[in-house]
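Asker: Take a look at input_36.cif, mmCIF, C-alpha atoms:
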data_protein
loop_
_atom_site.label_atom_id
_atom_site.label_comp_id
_atom_site.auth_asym_id
_atom_site.auth_seq_id
_atom_site.Cartn_x
_atom_site.Cartn_y
_atom_site.Cartn_z
CA MET A 1 -5.93 -27.32 99.85
CA PRO A 2 -5.51 -27.93 96.12
CA GLU A 3 -2.41 -26.49 94.52
CA LEU A 4 -2.99 -23.19 92.74
CA GLN A 5 -2.80 -23.51 88.97
CA ARG A 6 0.70 -22.70 87.82
CA LYS A 7 1.33 -20.20 85.06
CA LYS A 8 2.88 -21.67 81.93
CA LEU A 9 6.14 -20.88 80.16
CA ALA A 10 6.76 -22.24 76.64
CA ILE A 11 10.43 -22.34 75.59
CA ILE A 12 10.88 -22.95 71.86
CA ASP A 13 14.07 -24.44 70.45
CA GLY A 14 14.16 -21.92 67.61
CA LYS A 15 16.52 -23.50 65.12
CA SER A 16 15.12 -26.98 65.75
CA VAL A 17 11.58 -25.87 64.88
CA PHE A 18 12.91 -23.75 62.01
CA TYR A 19 14.67 -26.81 60.53
CA ARG A 20 11.37 -28.70 60.63
CA GLY A 21 9.59 -25.90 58.85
CA TYR A 22 12.31 -25.49 56.23
CA TYR A 23 12.44 -29.13 55.23
CA ALA A 24 8.66 -29.57 55.40
CA MET A 25 8.15 -26.66 52.99
CA PRO A 26 11.37 -26.24 51.00
CA ASN A 27 9.89 -24.42 48.00
CA LEU A 28 7.60 -21.86 49.59
CA THR A 29 8.34 -18.29 48.48
CA THR A 30 6.65 -14.92 48.30
CA LYS A 31 5.56 -13.51 44.95
CA ASP A 32 8.94 -11.83 44.51
CA GLY A 33 10.78 -15.13 45.08
CA THR A 34 11.88 -14.61 48.69
CA PRO A 35 12.13 -18.06 50.36
CA THR A 36 9.85 -18.31 53.39
CA GLY A 37 9.18 -22.02 53.98
CA GLY A 38 11.21 -22.25 57.18
CA VAL A 39 9.63 -19.10 58.59
CA TYR A 40 6.12 -20.24 57.69
CA GLY A 41 6.69 -23.70 59.12
CA PHE A 42 8.10 -22.24 62.33
CA CYS A 43 5.13 -19.89 62.72
CA ALA A 44 2.54 -22.56 61.92
CA MET A 45 4.08 -25.04 64.36
CA ALA A 46 4.57 -22.49 67.12
CA LEU A 47 1.11 -20.99 66.77
CA GLU A 48 -0.55 -24.41 66.79
CA LEU A 49 1.22 -25.22 70.05
CA ILE A 50 0.35 -21.82 71.48
CA LYS A 51 -3.31 -22.51 70.74
CA ARG A 52 -3.09 -25.95 72.25
CA LEU A 53 -0.93 -25.21 75.30
CA LYS A 54 -2.12 -21.65 76.06
CA PRO A 55 1.13 -20.43 77.70
CA ASP A 56 1.32 -17.21 79.67
CA TYR A 57 4.93 -16.65 78.65
CA VAL A 58 6.96 -17.57 75.54
CA CYS A 59 10.65 -17.28 74.70
CA VAL A 60 12.95 -18.76 72.07
CA ALA A 61 16.36 -20.38 72.57
CA TRP A 62 18.78 -20.23 69.64
CA ASP A 63 22.14 -21.77 68.71
CA LYS A 64 24.58 -18.91 68.34
CA PRO A 65 26.58 -19.45 65.13
CA LYS A 66 30.19 -20.70 65.45
CA THR A 67 30.56 -20.27 69.22
CA ASN A 68 27.75 -22.31 70.76
CA ILE A 69 29.62 -25.66 70.86
CA ARG A 70 33.12 -24.45 71.79
CA ARG A 71 33.02 -25.92 75.31
CA ARG A 72 32.05 -29.34 74.03
CA LEU A 73 34.60 -29.23 71.22
CA ALA A 74 37.28 -28.66 73.85
CA ILE A 75 36.22 -31.98 75.42
CA TYR A 76 35.68 -33.89 72.16
CA PRO A 77 36.98 -32.28 68.95
CA ASP A 78 34.77 -34.50 66.76
CA TYR A 79 31.55 -33.38 68.44
CA LYS A 80 28.90 -32.91 65.71
CA ALA A 81 31.52 -33.63 63.04
CA GLY A 82 30.27 -34.62 59.61
CA ARG A 83 27.10 -32.55 59.60
CA LYS A 84 26.33 -31.11 56.18
CA PRO A 85 25.66 -27.37 56.02
CA ALA A 86 22.13 -26.30 55.17
CA PRO A 87 21.39 -24.83 51.71
CA PRO A 88 21.98 -21.07 51.27
CA ASP A 89 18.28 -20.17 51.29
CA PHE A 90 18.05 -21.68 54.77
CA TYR A 91 20.32 -18.98 56.15
CA THR A 92 18.71 -16.15 54.19
CA GLN A 93 15.45 -16.83 56.04
CA ILE A 94 16.90 -16.50 59.54
CA PRO A 95 16.86 -12.65 59.60
CA ILE A 96 13.22 -12.81 58.46
CA LEU A 97 12.42 -15.20 61.30
CA HIS A 98 14.06 -12.82 63.79
CA GLU A 99 11.77 -10.05 62.50
CA VAL A 100 8.76 -12.28 63.06
CA LEU A 101 9.89 -13.15 66.59
CA GLU A 102 10.13 -9.44 67.38
CA ALA A 103 6.60 -8.98 66.08
CA PHE A 104 5.38 -11.84 68.29
CA ASN A 105 7.26 -10.22 71.18
CA TRP A 106 8.99 -13.51 71.91
CA PRO A 107 12.50 -12.76 73.25
CA LEU A 108 15.33 -14.73 71.66
CA TYR A 109 18.28 -15.95 73.72
CA GLU A 110 21.61 -17.00 72.20
CA LEU A 111 24.92 -17.22 74.04
CA ASP A 112 28.55 -18.07 73.43
CA ASP A 113 29.41 -21.62 74.59
CA TYR A 114 25.77 -22.64 75.17
CA GLU A 115 23.57 -24.57 72.79
CA ALA A 116 19.84 -23.97 72.61
CA ASP A 117 19.06 -26.99 74.80
CA ASP A 118 21.51 -25.70 77.45
CA ILE A 119 19.65 -22.39 77.47
CA MET A 120 16.30 -24.21 77.68
CA HIS A 121 17.58 -26.41 80.51
CA SER A 122 18.92 -23.44 82.50
CA MET A 123 15.71 -21.49 81.94
CA ALA A 124 13.55 -24.47 82.96
CA ILE A 125 15.41 -24.75 86.27
CA LYS A 126 14.79 -21.06 86.98
CA ALA A 127 11.14 -21.41 85.94
CA HIS A 128 10.68 -24.40 88.25
CA ALA A 129 12.09 -22.42 91.16
CA HIS A 130 9.66 -19.62 90.27
CA GLY A 131 6.69 -22.00 90.46
CA LEU A 132 5.99 -22.17 86.71
CA GLU A 133 4.86 -25.03 84.50
CA THR A 134 7.46 -25.26 81.71
CA MET A 135 6.88 -26.65 78.22
CA LEU A 136 9.96 -27.35 76.08
CA ILE A 137 9.25 -27.41 72.35
CA THR A 138 12.01 -29.06 70.32
CA SER A 139 13.01 -32.01 68.16
CA ASP A 140 16.25 -32.46 70.14
CA LEU A 141 15.75 -35.28 72.61
CA ASP A 142 18.75 -34.14 74.66
CA ALA A 143 16.18 -31.92 76.35
CA LEU A 144 14.69 -35.03 77.99
CA GLN A 145 17.32 -34.43 80.69
CA SER A 146 15.21 -31.45 81.80
CA LEU A 147 12.04 -33.42 82.54
CA ASP A 148 10.50 -33.22 85.98
CA GLU A 149 7.06 -32.97 87.53
CA HIS A 150 6.53 -29.46 86.17
CA THR A 151 8.78 -29.49 83.09
CA HIS A 152 7.45 -31.36 80.07
CA LEU A 153 8.80 -31.88 76.56
CA TYR A 154 6.83 -31.58 73.32
CA ALA A 155 9.01 -33.44 70.82
CA LEU A 156 8.56 -32.66 67.14
CA LYS A 157 8.84 -35.83 65.13
CA LYS A 158 8.10 -36.25 61.41
CA GLY A 159 7.03 -33.09 59.63
CA LEU A 160 5.25 -30.51 61.73
CA THR A 161 2.13 -32.29 62.82
CA ASN A 162 3.50 -35.32 64.70
CA ILE A 163 4.23 -34.24 68.28
CA GLU A 164 5.03 -36.52 71.23
CA ARG A 165 4.53 -35.27 74.78
CA PHE A 166 6.92 -36.43 77.50
CA ASP A 167 6.62 -36.14 81.25
CA PRO A 168 8.63 -38.39 83.61
CA LYS A 169 6.01 -41.14 83.52
CA ALA A 170 5.76 -41.16 79.71
CA PHE A 171 9.56 -41.20 79.50
CA GLU A 172 9.88 -44.22 81.78
CA GLU A 173 7.15 -46.10 79.91
CA LYS A 174 8.89 -45.55 76.58
CA TYR A 175 12.53 -46.07 77.51
CA GLY A 176 12.33 -48.37 80.52
CA ILE A 177 14.62 -46.15 82.60
CA ARG A 178 14.19 -43.12 84.86
CA VAL A 179 14.81 -39.58 83.68
CA ASN A 180 17.91 -39.33 85.89
CA GLN A 181 19.36 -42.34 84.03
CA PHE A 182 18.95 -40.80 80.58
CA LEU A 183 22.38 -39.20 80.52
CA ASP A 184 24.10 -42.44 81.55
CA SER A 185 22.16 -44.18 78.78
CA LYS A 186 23.61 -41.75 76.23
CA ALA A 187 27.07 -42.29 77.69
CA LEU A 188 26.70 -46.00 76.90
CA LYS A 189 24.86 -46.05 73.58
CA GLY A 190 26.24 -42.76 72.18
CA ASP A 191 24.37 -40.43 69.86
CA GLY A 192 24.95 -40.64 66.13
CA SER A 193 23.21 -37.34 65.40
CA ASP A 194 25.81 -35.46 67.49
CA ASN A 195 28.68 -37.86 66.68
CA ILE A 196 28.99 -38.87 70.35
CA PRO A 197 30.66 -42.32 70.36
CA GLY A 198 29.47 -43.90 73.62
CA VAL A 199 30.69 -47.49 74.10
CA PRO A 200 31.18 -49.31 70.79
CA GLY A 201 28.92 -52.36 70.63
CA ILE A 202 26.48 -51.17 73.32
CA GLY A 203 23.06 -50.25 71.97
CA GLU A 204 19.95 -48.73 73.52
CA LYS A 205 18.45 -52.04 74.67
CA THR A 206 21.63 -53.22 76.39
CA ALA A 207 22.18 -49.79 77.97
CA ALA A 208 18.65 -49.87 79.42
CA GLN A 209 19.13 -53.39 80.80
CA LEU A 210 22.43 -52.45 82.44
CA LEU A 211 20.95 -49.34 84.03
CA GLN A 212 17.91 -51.26 85.26
CA GLU A 213 20.28 -53.71 86.94
CA TYR A 214 23.03 -51.42 88.25
CA GLY A 215 21.41 -47.98 88.44
CA THR A 216 24.14 -45.68 87.15
CA LEU A 217 27.19 -45.61 84.91
CA ASP A 218 29.39 -45.79 88.00
CA GLY A 219 27.34 -48.74 89.27
CA ILE A 220 27.87 -50.59 86.00
CA TYR A 221 31.63 -50.13 86.06
CA GLU A 222 31.80 -51.12 89.74
CA ASN A 223 30.15 -54.43 88.85
CA LEU A 224 31.86 -55.48 85.63
CA ALA A 225 32.66 -58.88 87.18
CA LEU A 226 28.94 -59.63 87.40
CA ILE A 227 28.18 -58.71 83.79
CA LYS A 228 28.23 -61.14 80.88
CA HIS A 229 31.82 -61.52 79.68
CA THR A 230 31.38 -60.26 76.11
CA THR A 231 29.46 -57.20 77.29
CA ALA A 232 31.95 -56.54 80.09
CA GLN A 233 34.79 -56.61 77.57
CA LYS A 234 33.08 -53.94 75.46
CA LEU A 235 32.44 -51.83 78.55
CA GLU A 236 36.04 -52.14 79.74
CA ALA A 237 37.42 -51.20 76.33
CA GLY A 238 35.04 -48.26 76.03
CA LYS A 239 35.24 -46.92 79.59
CA GLU A 240 37.12 -43.75 78.71
CA SER A 241 34.76 -43.10 75.80
CA ALA A 242 31.72 -43.63 78.03
CA TYR A 243 32.72 -41.04 80.60
CA MET A 244 33.83 -38.60 77.91
CA SER A 245 30.50 -39.08 76.10
CA ARG A 246 28.65 -38.45 79.34
CA GLU A 247 30.49 -35.17 79.87
CA VAL A 248 29.82 -34.03 76.31
CA ALA A 249 26.12 -34.98 76.38
CA GLN A 250 25.33 -33.40 79.75
CA LEU A 251 23.26 -30.21 79.50
CA TYR A 252 24.69 -27.13 81.15
CA ASP A 253 22.55 -25.54 83.84
CA ASP A 254 24.52 -22.33 84.29
CA ALA A 255 23.60 -20.32 81.19
CA PRO A 256 23.76 -16.63 82.22
CA ILE A 257 20.14 -15.65 81.51
CA GLU A 258 17.46 -14.08 83.64
CA LEU A 259 13.87 -15.21 83.88
CA ASP A 260 12.35 -11.95 82.62
CA LEU A 261 8.66 -12.82 82.68
CA GLU A 262 7.56 -9.31 81.81
CA GLN A 263 9.50 -9.52 78.57
CA MET A 264 8.03 -12.98 77.79
CA ASP A 265 4.41 -12.03 78.52
CA VAL A 266 2.24 -13.19 75.60
CA ASN A 267 -0.23 -10.37 76.16
CA LYS A 268 2.35 -7.66 75.49
CA LEU A 269 2.58 -7.51 71.73
CA ASP A 270 1.64 -5.08 68.98
CA VAL A 271 -1.09 -7.00 67.14
CA ASP A 272 -1.12 -4.53 64.26
CA ALA A 273 2.65 -4.88 63.73
CA LEU A 274 2.27 -8.67 63.80
CA ALA A 275 -0.54 -8.53 61.24
CA ALA A 276 1.54 -6.25 59.02
CA ILE A 277 4.57 -8.57 58.86
CA LEU A 278 2.43 -11.67 58.27
CA LYS A 279 0.73 -9.80 55.46
CA ARG A 280 4.09 -8.77 53.98
CA LEU A 281 5.25 -12.39 54.05
CA GLU A 282 1.94 -13.44 52.41
CA PHE A 283 1.04 -15.73 55.34
CA ARG A 284 -2.68 -15.08 54.90
CA THR A 285 -3.87 -18.37 56.40
CA LEU A 286 -1.79 -17.81 59.54
CA LEU A 287 -3.12 -14.27 59.75
CA ARG A 288 -6.72 -15.41 59.63
CA ASN A 289 -6.13 -18.14 62.21
CA LEU A 290 -4.07 -16.37 64.84
CA PRO A 291 -4.84 -17.38 68.42
CA GLU A 292 -7.19 -15.18 70.39
CA GLY A 293 -5.30 -12.20 71.73
CA MET A 294 -2.98 -12.00 68.70
CA GLN A 295 -5.58 -10.84 66.21
CA ALA A 296 -5.56 -7.25 64.98
CA LYS A 297 -8.78 -5.38 65.66
CA ASN A 298 -9.02 -4.03 62.12
CA THR A 299 -8.00 -6.53 59.47
CA ASP A 300 -10.21 -5.23 56.65
CA SER A 301 -7.18 -4.21 54.65
CA ILE A 302 -5.31 -7.41 55.47
CA ALA A 303 -7.68 -10.31 55.04
CA PRO A 304 -10.49 -10.61 52.49
CA SER A 305 -13.78 -9.40 53.84
CA GLU A 306 -16.69 -11.79 53.99
CA SER A 307 -19.18 -11.15 51.23
CA THR A 308 -22.39 -12.75 50.13
CA TYR A 309 -22.48 -14.39 46.73
CA ASP A 310 -25.53 -15.38 44.71
CA PHE A 311 -24.64 -18.90 43.68
CA LYS A 312 -26.90 -20.54 41.13
CA ILE A 313 -27.05 -24.32 40.92
CA PRO A 314 -26.45 -25.33 37.30
CA GLN A 315 -28.87 -27.54 35.45
CA VAL A 316 -27.71 -31.17 35.22
CA VAL A 317 -27.85 -32.81 31.81
CA HIS A 318 -26.97 -36.50 31.41
CA ILE A 319 -25.21 -37.42 28.17
CA LYS A 320 -26.38 -40.88 27.19
CA SER A 321 -25.14 -41.24 23.62
CA GLU A 322 -22.65 -39.88 21.10
CA LYS A 323 -25.26 -37.72 19.40
CA ASP A 324 -26.09 -36.01 22.71
CA LEU A 325 -22.56 -34.60 22.73
CA LYS A 326 -23.61 -32.24 19.95
CA ASN A 327 -25.86 -30.51 22.49
CA VAL A 328 -22.98 -29.67 24.82
CA LYS A 329 -22.59 -25.89 24.87
CA LEU A 330 -20.24 -24.21 27.31
CA GLU A 331 -19.66 -20.54 28.03
CA GLY A 332 -17.24 -18.67 30.27
CA ASP A 333 -15.32 -20.59 32.97
CA VAL A 334 -15.52 -24.36 32.56
CA VAL A 335 -15.03 -26.90 35.34
CA LEU A 336 -13.73 -30.37 34.50
CA HIS A 337 -13.70 -33.51 36.65
CA ALA A 338 -13.14 -37.14 35.67
CA ARG A 339 -13.01 -40.46 37.52
CA SER A 340 -11.68 -43.90 36.65
CA ALA A 341 -11.96 -47.37 38.16
CA GLY A 342 -8.29 -48.16 37.61
CA LYS A 343 -5.03 -46.47 38.47
CA HIS A 344 -3.44 -43.79 36.28
CA GLY A 345 -6.66 -43.14 34.37
CA LYS A 346 -7.33 -46.72 33.35
CA ASN A 347 -10.99 -47.83 32.97
CA PRO A 348 -12.59 -44.34 32.83
CA THR A 349 -16.02 -44.22 34.45
CA ILE A 350 -17.38 -40.67 34.37
CA LEU A 351 -16.61 -37.23 33.00
CA LEU A 352 -18.20 -34.01 34.26
CA ILE A 353 -17.94 -30.70 32.41
CA SER A 354 -19.80 -27.65 33.62
CA ASP A 355 -20.15 -23.93 33.14
CA GLU A 356 -22.19 -21.52 35.22
CA HIS A 357 -25.48 -22.69 33.70
CA THR A 358 -25.21 -26.39 32.84
CA CYS A 359 -23.38 -29.43 34.20
CA TYR A 360 -23.00 -32.24 31.66
CA THR A 361 -22.42 -35.73 33.05
CA ILE A 362 -20.99 -38.33 30.70
CA ASP A 363 -21.12 -41.97 31.82
CA LEU A 364 -18.09 -43.39 30.07
CA ARG A 365 -19.20 -46.94 30.88
CA THR A 366 -22.26 -46.74 28.61
CA PHE A 367 -20.55 -45.86 25.34
CA ASN A 368 -17.14 -45.43 23.80
CA LEU A 369 -16.22 -41.76 23.69
CA GLN A 370 -14.40 -40.87 20.49
CA PRO A 371 -11.94 -37.96 20.71
CA PRO A 372 -13.32 -35.95 17.74
CA THR A 373 -16.81 -35.96 19.26
CA LEU A 374 -15.74 -34.20 22.48
CA GLN A 375 -14.50 -30.64 22.07
CA LEU A 376 -13.15 -29.26 25.33
CA PRO A 377 -12.48 -25.56 25.87
CA THR A 378 -8.91 -24.30 25.68
CA ALA A 379 -8.70 -23.84 29.48
CA VAL A 380 -10.45 -25.51 32.41
CA ILE A 381 -10.85 -25.23 36.19
CA GLY A 382 -10.81 -28.25 38.49
CA HIS A 383 -9.61 -30.04 41.61
CA ASP A 384 -6.58 -32.31 41.10
CA LEU A 385 -6.66 -31.79 37.34
CA LYS A 386 -3.59 -33.95 36.93
CA ASN A 387 -5.69 -36.98 37.80
CA SER A 388 -8.46 -35.92 35.40
CA PHE A 389 -5.93 -35.31 32.64
CA LYS A 390 -4.66 -38.90 32.98
CA ILE A 391 -8.19 -40.01 32.10
CA LEU A 392 -8.36 -37.65 29.13
CA LEU A 393 -5.07 -39.10 27.87
CA GLU A 394 -6.51 -42.59 28.24
CA LEU A 395 -9.49 -41.43 26.13
CA GLY A 396 -7.19 -39.87 23.56
CA VAL A 397 -8.58 -36.38 24.16
CA GLU A 398 -6.31 -33.38 23.63
CA LEU A 399 -5.48 -31.77 26.98
CA PRO A 400 -6.70 -28.23 27.67
CA ARG A 401 -4.72 -25.61 29.54
CA VAL A 402 -5.10 -25.37 33.34
CA SER A 403 -6.82 -22.13 34.29
CA HIS A 404 -7.06 -22.93 38.01
CA ASP A 405 -6.58 -26.05 40.15
CA THR A 406 -8.11 -25.82 43.65
CA LEU A 407 -5.89 -28.63 44.96
CA VAL A 408 -2.78 -26.64 44.06
CA ALA A 409 -4.39 -23.48 45.44
CA SER A 410 -5.17 -25.25 48.71
CA PHE A 411 -1.50 -26.25 49.07
CA ILE A 412 -0.34 -22.71 48.43
CA ILE A 413 -2.79 -21.31 51.00
CA ASN A 414 -1.92 -23.85 53.69
CA SER A 415 0.92 -26.22 52.83
CA LEU A 416 0.83 -27.85 56.30
CA ARG A 417 -2.65 -29.25 55.90
CA ARG A 418 -2.82 -33.02 55.53
CA GLU A 419 -5.59 -35.26 54.32
CA GLN A 420 -7.47 -36.77 57.26
#
Please rewrite the model in this file as structure tokens.
Answerer:
Amino acid sequence: MPELQRKKLAIIDGKSVFYRGYYAMPNLTTKDGTPTGGVYGFCAMALELIKRLKPDYVCVAWDKPKTNIRRRLAIYPDYKAGRKPAPPDFYTQIPILHEVLEAFNWPLYELDDYEADDIMHSMAIKAHAHGLETMLITSDLDALQSLDEHTHLYALKKGLTNIERFDPKAFEEKYGIRVNQFLDSKALKGDGSDNIPGVPGIGEKTAAQLLQEYGTLDGIYENLALIKHTTAQKLEAGKESAYMSREVAQLYDDAPIELDLEQMDVNKLDVDALAAILKRLEFRTLLRNLPEGMQAKNTDSIAPSESTYDFKIPQVVHIKSEKDLKNVKLEGDVVLHARSAGKHGKNPTILLISDEHTCYTIDLRTFNLQPPTLQLPTAVIGHDLKNSFKILLELGVELPRVSHDTLVASFIINSLRREQ
């Protein structure tokens, strides 16, 4: 009989995802100046994965400030030494994120002496025993130690849109070793991001080759006589460091947490409370694109209602000579768009100016446009006006004021969107 489909648990490395959001969107604020980039980035990333992975349960693991690495510091006092503290507005956003997590009804777990990946690892073991499919969402590759047939890692790479999925097979194909050799690999090559020394002079490639040949860290040290002399010397000199690094890098599996699936149930949330906080934080795009089951039933007061507009297509008039410019008459809002064949506005090719009634097209290749003959309004609307203004500067035309730029507006509405 086929195996029954397992229910899914998503465990989010909270601070790891928050870091990604913060540095992807460092300048995002609400109208009153409250910084929200990290919170927005976290929500956008998490919600995208929720849509894609469709978990039944979600929880968040967090690094408890000041106490989470005490056990590892006792083993190696320089563990994570040299890390620069985040800017102040990073920390001011964390209480806001905790509010959002409460609204999502995603429980947050933080413990003395356990880092977020220890909590994730411990939870994944309990979830496996409970028959769940577990999805670890993090940028910390230490969590690769947790991989098994039913525990997979979704590694955040650059920005918020580049995600790499790991299961045991994908891991072996990428690194050339088995999952149960990953820790010994770190013991040999070290980890610069956590200031774990490993064996000086042994890199990732050599570590993989040694483990392919001798299986384990113990197996390597039991066979030093068979290893190339220069490599064996490095291993002998760094033996104490290797075993210390292994102890520091190993994830703890004994975090004192319970697998409370009722508390993690994605269906048990107050959709109206969630909508209210997203509205307060001005996350309108997220609000409109919440996954099914998270959407408030009545969002009339939250999101703009759909209306019908009577758009009229303006008449197109081609300007073919200097004297035709005298016929250009513009009223109300004016849209401007210009193109050039060269970079930075060089070799202008076309200029479009339009109001509600008439769109004037000026082929700049057919005649030389003299600045006094073109009178632009004091303010214009456009898309990527900076590019059009470069062309106006090339033409010697005085620049108007920007009334509205849809490219800038698009970034403000959804800063995570990328050109395809």
Asker: Write out as a PyMOL selection string the residues lying within 12 Å of Ala232 of chain A, counting all atoms listed in the file and excluding same-chain residues fewer than 4 positions away.
Answerer: chain A and resi 199-202+206+210+220-228+236-239
Asker: Go ahead and write the selection's residues with C-alpha atoms as a short mmCIF file (atom, residue, chain, number, x, y, z; two decimals), in the frame of the given file.
Answerer:
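Result went into out.cif, see below:
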data_model
loop_
_atom_site.label_atom_id
_atom_site.label_comp_id
_atom_site.auth_asym_id
_atom_site.auth_seq_id
_atom_site.Cartn_x
_atom_site.Cartn_y
_atom_site.Cartn_z
CA VAL A 199 30.69 -47.49 74.10
CA PRO A 200 31.18 -49.31 70.79
CA GLY A 201 28.92 -52.36 70.63
CA ILE A 202 26.48 -51.17 73.32
CA THR A 206 21.63 -53.22 76.39
CA LEU A 210 22.43 -52.45 82.44
CA ILE A 220 27.87 -50.59 86.00
CA TYR A 221 31.63 -50.13 86.06
CA GLU A 222 31.80 -51.12 89.74
CA ASN A 223 30.15 -54.43 88.85
CA LEU A 224 31.86 -55.48 85.63
CA ALA A 225 32.66 -58.88 87.18
CA LEU A 226 28.94 -59.63 87.40
CA ILE A 227 28.18 -58.71 83.79
CA LYS A 228 28.23 -61.14 80.88
CA GLU A 236 36.04 -52.14 79.74
CA ALA A 237 37.42 -51.20 76.33
CA GLY A 238 35.04 -48.26 76.03
CA LYS A 239 35.24 -46.92 79.59
#
Asker: Choose the residue, out of A:Ile313, A:Ala127, A:Ala170, A:Val328, that has the smallest atom-to-atom separation from Arg6 of chain A; count all atoms listed in the file.
Answerer: A:Ala127
Asker: Enter the distance from atom CA of Arg72 of chain A to atom CA of Asp113 of chain A, in Å, rounded to one decimal.
Answerer: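 These two atoms are separated by 8.2 Å.
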Asker: Between A:Pro26, A:Gly192, A:Gly38, A:Gly219, which has the minimum distance to Lys80 of chain A (counting all atoms listed in the file)?
Answerer: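 Of the candidates, the smallest distance to Lys80 of chain A is held by A:Gly192.
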Asker: I need the residue nearest Ala74 of chain A from this list: A:Val397, A:Cys359, A:Met244, A:Met45. Use only C-alpha atoms for the distance.
Answerer: A:Met244
Asker: Report the distance between atom CA of Val39 of chain A and atom CA of Val100 of chain A in Å, rounded to one decimal place.
Answerer: 8.2 Å
Asker: For a test of reading the model, state the distance in Å between atom CA of Glu102 of chain A and atom CA of Pro87 of chain A, rounded to one decimal.
Answerer: 24.7 Å
Asker: Can you work out which one of A:Asn195, A:Asn105, A:Gln233, A:Asn267 has the shortest atom-to-atom distance to Ala81 of chain A, counting only C-alpha atoms?
Answerer: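 The closest residue to Ala81 of chain A is A:Asn195.
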Asker: Counting all atoms listed in the file, find residues at most 10 Å from (1.1, -7.1, 68.4) (file frame) and give them as a list in words.
Answerer: Glu102, Ala103, Phe104, Asn105, Val266, Asn267, Lys268, Leu269, Asp270, Val271, Asp272, Ala273, Leu274, Ala275, Ala276, Gly293, Met294, Gln295 and Ala296 of chain A
Asker: I'd like the neighbourhood of Glu356 of chain A as a ChimeraX atom specification, where a residue qualifies if any of its atoms comes within 10 Å (using all atoms listed in the file), though same-chain residues fewer than 4 positions away should be ignored.
Answerer: /A:311-315,330-335
Asker: Check what the PyMOL selection byres ((chain A and resi 155) around 7) selects in the file above and give those residues as a ChimeraX atom specification.
Answerer: /A:137-139,153-154,156-157,163-165
Asker: Could you write those residues out with C-alpha atoms, as an mmCIF file, in the coordinates of the input?
Answerer:
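Done, and the output landed in out.cif:
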data_model
loop_
_atom_site.group_PDB
_atom_site.id
_atom_site.type_symbol
_atom_site.label_atom_id
_atom_site.label_comp_id
_atom_site.auth_asym_id
_atom_site.auth_seq_id
_atom_site.Cartn_x
_atom_site.Cartn_y
_atom_site.Cartn_z
ATOM 1 C CA ILE A 137 9.250 -27.410 72.350
ATOM 2 C CA THR A 138 12.010 -29.060 70.320
ATOM 3 C CA SER A 139 13.010 -32.010 68.160
ATOM 4 C CA LEU A 153 8.800 -31.880 76.560
ATOM 5 C CA TYR A 154 6.830 -31.580 73.320
ATOM 6 C CA LEU A 156 8.560 -32.660 67.140
ATOM 7 C CA LYS A 157 8.840 -35.830 65.130
ATOM 8 C CA ILE A 163 4.230 -34.240 68.280
ATOM 9 C CA GLU A 164 5.030 -36.520 71.230
ATOM 10 C CA ARG A 165 4.530 -35.270 74.780
#
Asker: A:Ile257, A:Glu110, A:Ala24, A:His229: which is nearest Ala124 of chain A, counting all atoms listed in the file?
Answerer: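 Distance minimum relative to Ala124 of chain A lands on A:Ile257.
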Asker: Which residue out of A:Ala116, A:Leu132, A:Leu183, A:Val317 has the minimum interatomic distance to His357 of chain A when only C-alpha atoms are used?
Answerer: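 Of the candidates, the smallest distance to His357 of chain A is held by A:Val317.
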Asker: Mind listing as a compact mmCIF listing (two decimals) with C-alpha atoms, keeping the file's coordinate frame all residues within 12 Å of (9.2, -26.4, 71.6), counting all atoms listed in the file?
Answerer:
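Saved file point09.txt follows:
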# COMPACT_ATOMS: atom_id res chain seq x y z
CA LEU A 9 6.14 -20.88 80.16
CA ALA A 10 6.76 -22.24 76.64
CA ILE A 11 10.43 -22.34 75.59
CA ILE A 12 10.88 -22.95 71.86
CA ASP A 13 14.07 -24.44 70.45
CA GLY A 14 14.16 -21.92 67.61
CA LYS A 15 16.52 -23.50 65.12
CA SER A 16 15.12 -26.98 65.75
CA VAL A 17 11.58 -25.87 64.88
CA PHE A 18 12.91 -23.75 62.01
CA ARG A 20 11.37 -28.70 60.63
CA PHE A 42 8.10 -22.24 62.33
CA CYS A 43 5.13 -19.89 62.72
CA MET A 45 4.08 -25.04 64.36
CA ALA A 46 4.57 -22.49 67.12
CA LEU A 47 1.11 -20.99 66.77
CA GLU A 48 -0.55 -24.41 66.79
CA LEU A 49 1.22 -25.22 70.05
CA ILE A 50 0.35 -21.82 71.48
CA LEU A 53 -0.93 -25.21 75.30
CA PRO A 55 1.13 -20.43 77.70
CA VAL A 58 6.96 -17.57 75.54
CA CYS A 59 10.65 -17.28 74.70
CA VAL A 60 12.95 -18.76 72.07
CA ALA A 61 16.36 -20.38 72.57
CA TRP A 62 18.78 -20.23 69.64
CA ALA A 116 19.84 -23.97 72.61
CA ASP A 117 19.06 -26.99 74.80
CA MET A 120 16.30 -24.21 77.68
CA THR A 134 7.46 -25.26 81.71
CA MET A 135 6.88 -26.65 78.22
CA LEU A 136 9.96 -27.35 76.08
CA ILE A 137 9.25 -27.41 72.35
CA THR A 138 12.01 -29.06 70.32
CA SER A 139 13.01 -32.01 68.16
CA ASP A 140 16.25 -32.46 70.14
CA LEU A 141 15.75 -35.28 72.61
CA ALA A 143 16.18 -31.92 76.35
CA THR A 151 8.78 -29.49 83.09
CA HIS A 152 7.45 -31.36 80.07
CA LEU A 153 8.80 -31.88 76.56
CA TYR A 154 6.83 -31.58 73.32
CA ALA A 155 9.01 -33.44 70.82
CA LEU A 156 8.56 -32.66 67.14
CA LYS A 157 8.84 -35.83 65.13
CA LEU A 160 5.25 -30.51 61.73
CA ILE A 163 4.23 -34.24 68.28
CA GLU A 164 5.03 -36.52 71.23
CA ARG A 165 4.53 -35.27 74.78
CA PHE A 166 6.92 -36.43 77.50
